[in-house]
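**Student:** One structure, as structure tokens, below. Some questions next.
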Amino acid sequence: MTAEVLPGPGSATWDRLGQWRLLLVIHRSLLLQAAHPAIGAAVSRFSVYNARPWRRLFRTLESLQTYVYGSASEQRRELARLERLHRRMQGTDDHGRPFTAADVQARAWVHLTLYDAVLTAQRLGGDPLSPEETARLYAEWRRLGQVFGLAEDDMPATPEDFRDYFDRMVADVLEDNATVRDLLSGSIHRVPPPPGLPIPALVWAPLRHLVVTAVVQATVATLPEVYRERLRLTVVPGADLLVAGLHRAARLTSDLLPKPWRYLPLAAAAIRADDVRPRSRVAPTPESFFTTVLDQSGDGVLRWSDLLAMARELSTHLDLDEDDETTVHDAFRSWWAQLCTATGTPPDGAVTLAGYRSALAGDRYPGPPDPDRGYGAVAAAIRRLIDRDANGEVRPAEYTRLLDRSPRSHEVIAALRDLDHNGDGTLNSDEFETAVQDFLTGHRDLPAARHLLGRA
């Protein structure tokens with residue numbers, strides 16, 4: 001399975017899965033998953049969700065978004081992580097039955113409940129998918145299932161077959177177990193305040209009870225009737241109407257928001273990056289590079305203040321601390337010294353276009369890249385700042401977090417993604433540094449560098 005055939009921009013999965021309003025049915029999906037004997041037993045034995053509910057929720061949402069909005073390399077890493085995790089979850093349940101979370105039927109159920117979650121959210125929101133859209137979504141979801149280790153025969157072939165499969169699973173396989181009961185009631189008294197919210201205990205206790213009880217009642221109201229009866233659960237009068245009203249209100253509110261705001265963070269970043277198409281550019285000439293990149297002030301000459309402006313721009317995009325800012329400043333100062341030497345300009349003077357062209361023609365500049373001085377030091381510094389862990393590659397999740405505070409994060413991220421020539425989702429650090437060197441010497445255009453240094 002290659003990246004080209006995965007659901008991407010414009011697909012039903014891309015448009016539907018990552019929306020905030022899907023959170024309104026996430027508890028229902030988790031409960032249906034836990035009702036599978038193998039999953040329920042694995043969660044009961046090995047999960048720490050009851051001690052770290054928020055961490056578990058955030059990790060689940062991150063994994064869910066990686067499922068669809070991650071690059072090919074991120075999806076491979078997530079698959080490997082899930083396979084390692086599930087392979088270790090095995091044992092014997094409370095009834096003496098052996099279980100493993102890596103069981104193919106259990107994995108297929110988990111995967112397909114997420115497809116069902118999208119259908120449920122759309123139906124409750126008052127905008128159910130058409131038969132054509134349902135078929136498109138399901139075909140895409142089957143392809144994703146194959147990427148994550150399921151065979152075609154492990155999943156129903158059509159949406160109609162899925163509905164029969166879902167009803168059969170609910171009727172014959174799902175059970176009442178300790179994990180299900182905990183999700184329905186036992187966790188109310190353990191949920192701490194959300195991270196970062198300084199809510200006093202006296203305020204949180206009644207608020208927690210109210211919120212968690214509402215979530216549980218909403219889940220009960222949307223469970224399949226056959227399973228609800230097996231659990232001997234009753235729907236609070238009017239709960240189904242309140243749930244439908246909440247979903248419709250969420251949908252109407254979402255429709256009023258700009259498109260990226262409707263989505264969870266990683267999904268929104270992917271959508272924004274896709275919406276920003278880097279402009280195609282012709283190879284620069286010495287004149288165009290001098291006037292559009294080096295001459296930041298636009299006054300026709302190059303001074304130290306122009307390179308200092310680039311250093312400040314880079315520091316702003318990457319939200320650098322003082323030590324990193326100093327490293328960047330020193331690298332740009334070294335580049336300025338190199339330009340002054342090559343053009344015969346005093347350090348407090350101004351390099352003219354004629355002087356710059358003369359240095360190029362006389363081979364006094366740029367010369368071979370040196371990571372310790374000149375333009376080579378700038379490229380090396382940018383490479384180290386982008387590849388923070390120095391592992392030779394930079395994944396989208398890394399530079400997305402790195403550029404979180406950038407005033408033009410979406411444009412920069414889109415430009416960096418444009419450097420992923422083989423489509424595996426990662427930037428090779430050596431190739432990136434070489435591309436920056438070529439940009440700084442005017443040999444090629446690089447939209448990512450233009451955004452990072454200004455004058456894009």
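In the structure tokens, chains take letters A, B, ... by order of appearance, with residues numbered from 1 within each chain and ligands from 1 in the order shown.
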Taking the backbone alone, and naming residues the way the document does, which bits of region 34-105 of chain A are helix (DSSP H, G or I) by DSSP, as number ranges by chain?

**Tutor:** A: 34, 37-46, 53-69, 72-87, 104-105

**Student:** Using only C-alpha atoms, which residues of region 156-225 of chain A come within 12 Å of region 26-32 of chain A, and what is the closest atom pair for each, with the distance in Å to one decimal? Give it as JSON lines, sorted by chain and residue number.

**Tutor:**
```
{"residue": "A:Phe166", "atom": "CA", "partner": "A:Leu32", "partner_atom": "CA", "distance": 10.6}
{"residue": "A:Met169", "atom": "CA", "partner": "A:Leu32", "partner_atom": "CA", "distance": 10.0}
{"residue": "A:Val170", "atom": "CA", "partner": "A:Leu32", "partner_atom": "CA", "distance": 8.6}
{"residue": "A:Val173", "atom": "CA", "partner": "A:Leu32", "partner_atom": "CA", "distance": 10.8}
{"residue": "A:Leu174", "atom": "CA", "partner": "A:Leu32", "partner_atom": "CA", "distance": 7.7}
{"residue": "A:Glu175", "atom": "CA", "partner": "A:Leu32", "partner_atom": "CA", "distance": 9.4}
{"residue": "A:Asp176", "atom": "CA", "partner": "A:Leu31", "partner_atom": "CA", "distance": 10.3}
{"residue": "A:Asn177", "atom": "CA", "partner": "A:Leu31", "partner_atom": "CA", "distance": 10.4}
{"residue": "A:Ala178", "atom": "CA", "partner": "A:Leu31", "partner_atom": "CA", "distance": 11.1}
{"residue": "A:Thr179", "atom": "CA", "partner": "A:Leu31", "partner_atom": "CA", "distance": 8.2}
{"residue": "A:Val180", "atom": "CA", "partner": "A:Leu31", "partner_atom": "CA", "distance": 5.9}
{"residue": "A:Arg181", "atom": "CA", "partner": "A:Leu31", "partner_atom": "CA", "distance": 9.1}
{"residue": "A:Asp182", "atom": "CA", "partner": "A:Leu31", "partner_atom": "CA", "distance": 9.5}
{"residue": "A:Leu183", "atom": "CA", "partner": "A:Leu31", "partner_atom": "CA", "distance": 6.7}
{"residue": "A:Leu184", "atom": "CA", "partner": "A:Leu31", "partner_atom": "CA", "distance": 8.2}
{"residue": "A:Ser185", "atom": "CA", "partner": "A:Leu31", "partner_atom": "CA", "distance": 11.7}
{"residue": "A:Val212", "atom": "CA", "partner": "A:His27", "partner_atom": "CA", "distance": 10.4}
{"residue": "A:Thr213", "atom": "CA", "partner": "A:His27", "partner_atom": "CA", "distance": 12.0}
{"residue": "A:Ala214", "atom": "CA", "partner": "A:His27", "partner_atom": "CA", "distance": 11.3}
{"residue": "A:Val215", "atom": "CA", "partner": "A:His27", "partner_atom": "CA", "distance": 7.5}
{"residue": "A:Val216", "atom": "CA", "partner": "A:His27", "partner_atom": "CA", "distance": 8.0}
{"residue": "A:Gln217", "atom": "CA", "partner": "A:Arg28", "partner_atom": "CA", "distance": 10.3}
{"residue": "A:Ala218", "atom": "CA", "partner": "A:Arg28", "partner_atom": "CA", "distance": 8.5}
{"residue": "A:Thr219", "atom": "CA", "partner": "A:Arg28", "partner_atom": "CA", "distance": 5.2}
{"residue": "A:Val220", "atom": "CA", "partner": "A:Arg28", "partner_atom": "CA", "distance": 8.0}
{"residue": "A:Ala221", "atom": "CA", "partner": "A:Arg28", "partner_atom": "CA", "distance": 9.7}
{"residue": "A:Thr222", "atom": "CA", "partner": "A:Arg28", "partner_atom": "CA", "distance": 7.5}
{"residue": "A:Leu223", "atom": "CA", "partner": "A:Arg28", "partner_atom": "CA", "distance": 7.1}
{"residue": "A:Pro224", "atom": "CA", "partner": "A:Leu32", "partner_atom": "CA", "distance": 9.6}
```

**Student:** Skipping near chain neighbours, those fewer than 4 positions away, what residues fall within 10 Å of Ala12 (chain A) using only C-alpha atoms, listed as a PyMOL selection string?

**Tutor:** chain A and resi 7-8+16-17+129+133-141

**Student:** Fewer than 3 positions away in the same chain doesn't count, so skip those; otherwise give me all residues within 9 Å of region 154-163 of chain A, counting only C-alpha atoms, as a VMD selection string.

**Tutor:** chain A and resid 104 to 105 108 to 109 112 131 134 to 135 138 to 139 142 145 150 to 151 166 to 168

**Student:** With only C-alpha atoms as the basis for distance, which of A:Trp304, A:Glu325, A:Leu353, A:Ile413 is at the shortest distance from Ala337 (chain A)?

**Tutor:** A:Trp304

**Student:** Quick one: residues within 10 Å of Ala377 (chain A), only C-alpha atoms counted, chain neighbours fewer than 6 positions away excluded, as a PyMOL selection string?

**Tutor:** chain A and resi 327-328+330-335+369-371+383+437

**Student:** List the spatial neighbours of Val68 (chain A) as an mmCIF file with C-alpha atoms, in the first residue's frame - criterion: any atom at most 9 Å away, only C-alpha atoms, same-chain residues fewer than 5 positions off excluded.

**Tutor:**
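Full text of part_7.cif as output:
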```cif
data_model
loop_
_atom_site.group_PDB
_atom_site.id
_atom_site.type_symbol
_atom_site.label_atom_id
_atom_site.label_comp_id
_atom_site.auth_asym_id
_atom_site.auth_seq_id
_atom_site.Cartn_x
_atom_site.Cartn_y
_atom_site.Cartn_z
ATOM 1 C CA LEU A 6 -4.231 6.499 0.966
ATOM 2 C CA PRO A 7 -7.162 8.799 1.747
ATOM 3 C CA GLY A 8 -5.806 12.312 1.495
ATOM 4 C CA THR A 13 -12.110 10.312 5.371
ATOM 5 C CA TRP A 14 -9.965 13.451 5.332
ATOM 6 C CA LEU A 17 -12.748 12.005 10.611
ATOM 7 C CA GLY A 18 -10.776 14.776 12.314
ATOM 8 C CA GLN A 75 1.728 6.045 9.745
ATOM 9 C CA LEU A 144 -6.550 2.288 5.747
ATOM 10 C CA ALA A 267 -5.848 17.401 11.397
#
```

**Student:** Rounded to one decimal, what separation in Å do you get between CA of Phe58 (chain A) and CA of Leu23 (chain A)?

**Tutor:** 11.3 Å

**Student:** Could you pull the residues within 8 Å of region 80-89 of chain A, counting only C-alpha atoms, minus those fewer than 3 positions along the same chain, as a PyMOL selection string?

**Tutor:** chain A and resi 42+46+76-77+100-102

**Student:** Hey, can you spit out that residue selection with C-alpha atoms as an mmCIF file, in the first residue's frame?

**Tutor:**
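That gives us part.cif:
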```cif
data_model
loop_
_atom_site.group_PDB
_atom_site.id
_atom_site.type_symbol
_atom_site.label_atom_id
_atom_site.label_comp_id
_atom_site.auth_asym_id
_atom_site.auth_seq_id
_atom_site.Cartn_x
_atom_site.Cartn_y
_atom_site.Cartn_z
ATOM 1 C CA ALA A 42 -6.562 -6.278 27.518
ATOM 2 C CA PHE A 46 -2.822 -3.528 30.956
ATOM 3 C CA ARG A 76 4.428 3.375 9.579
ATOM 4 C CA ARG A 77 5.755 4.420 12.976
ATOM 5 C CA THR A 100 -4.532 -11.150 22.922
ATOM 6 C CA ALA A 101 -5.120 -7.589 21.799
ATOM 7 C CA ALA A 102 -3.344 -8.497 18.569
#
```

**Student:** Using only C-alpha atoms, which residue out of A:Pro368, A:Ser47, A:Ala309, A:Arg450 lies closest to Thr434 (chain A)?

**Tutor:**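 When distances to Thr434 (chain A) are compared using only C-alpha atoms, the smallest one comes from A:Pro368.
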
**Student:** Nearest to Ala270 (chain A) among A:Asp295, A:Asp116, A:Glu411, A:Asp321, with distances taken over only C-alpha atoms: which residue is it?

**Tutor:**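 The shortest atom-to-atom distance to Ala270 (chain A) comes from A:Glu411.
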
**Student:** Enter the distance from CA of Gly96 (chain A) to CA of Leu79 (chain A), in Å, rounded to one decimal.

**Tutor:**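 Separation between CA of Gly96 (chain A) and CA of Leu79 (chain A): 29.5 Å.
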
**Student:** When you draw a straight line from CA of Arg388 (chain A) to CA of Ala269 (chain A), how long is it in Å?

**Tutor:**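 CA of Arg388 (chain A) sits 20.2 Å away from CA of Ala269 (chain A).
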
**Student:** When distances are computed from only C-alpha atoms, which of A:Val394, A:Leu124, A:Ala381, A:Leu307 shows the smallest separation from Val351 (chain A)?

**Tutor:**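 For Val351 (chain A), the nearest of the given residues is A:Leu307.
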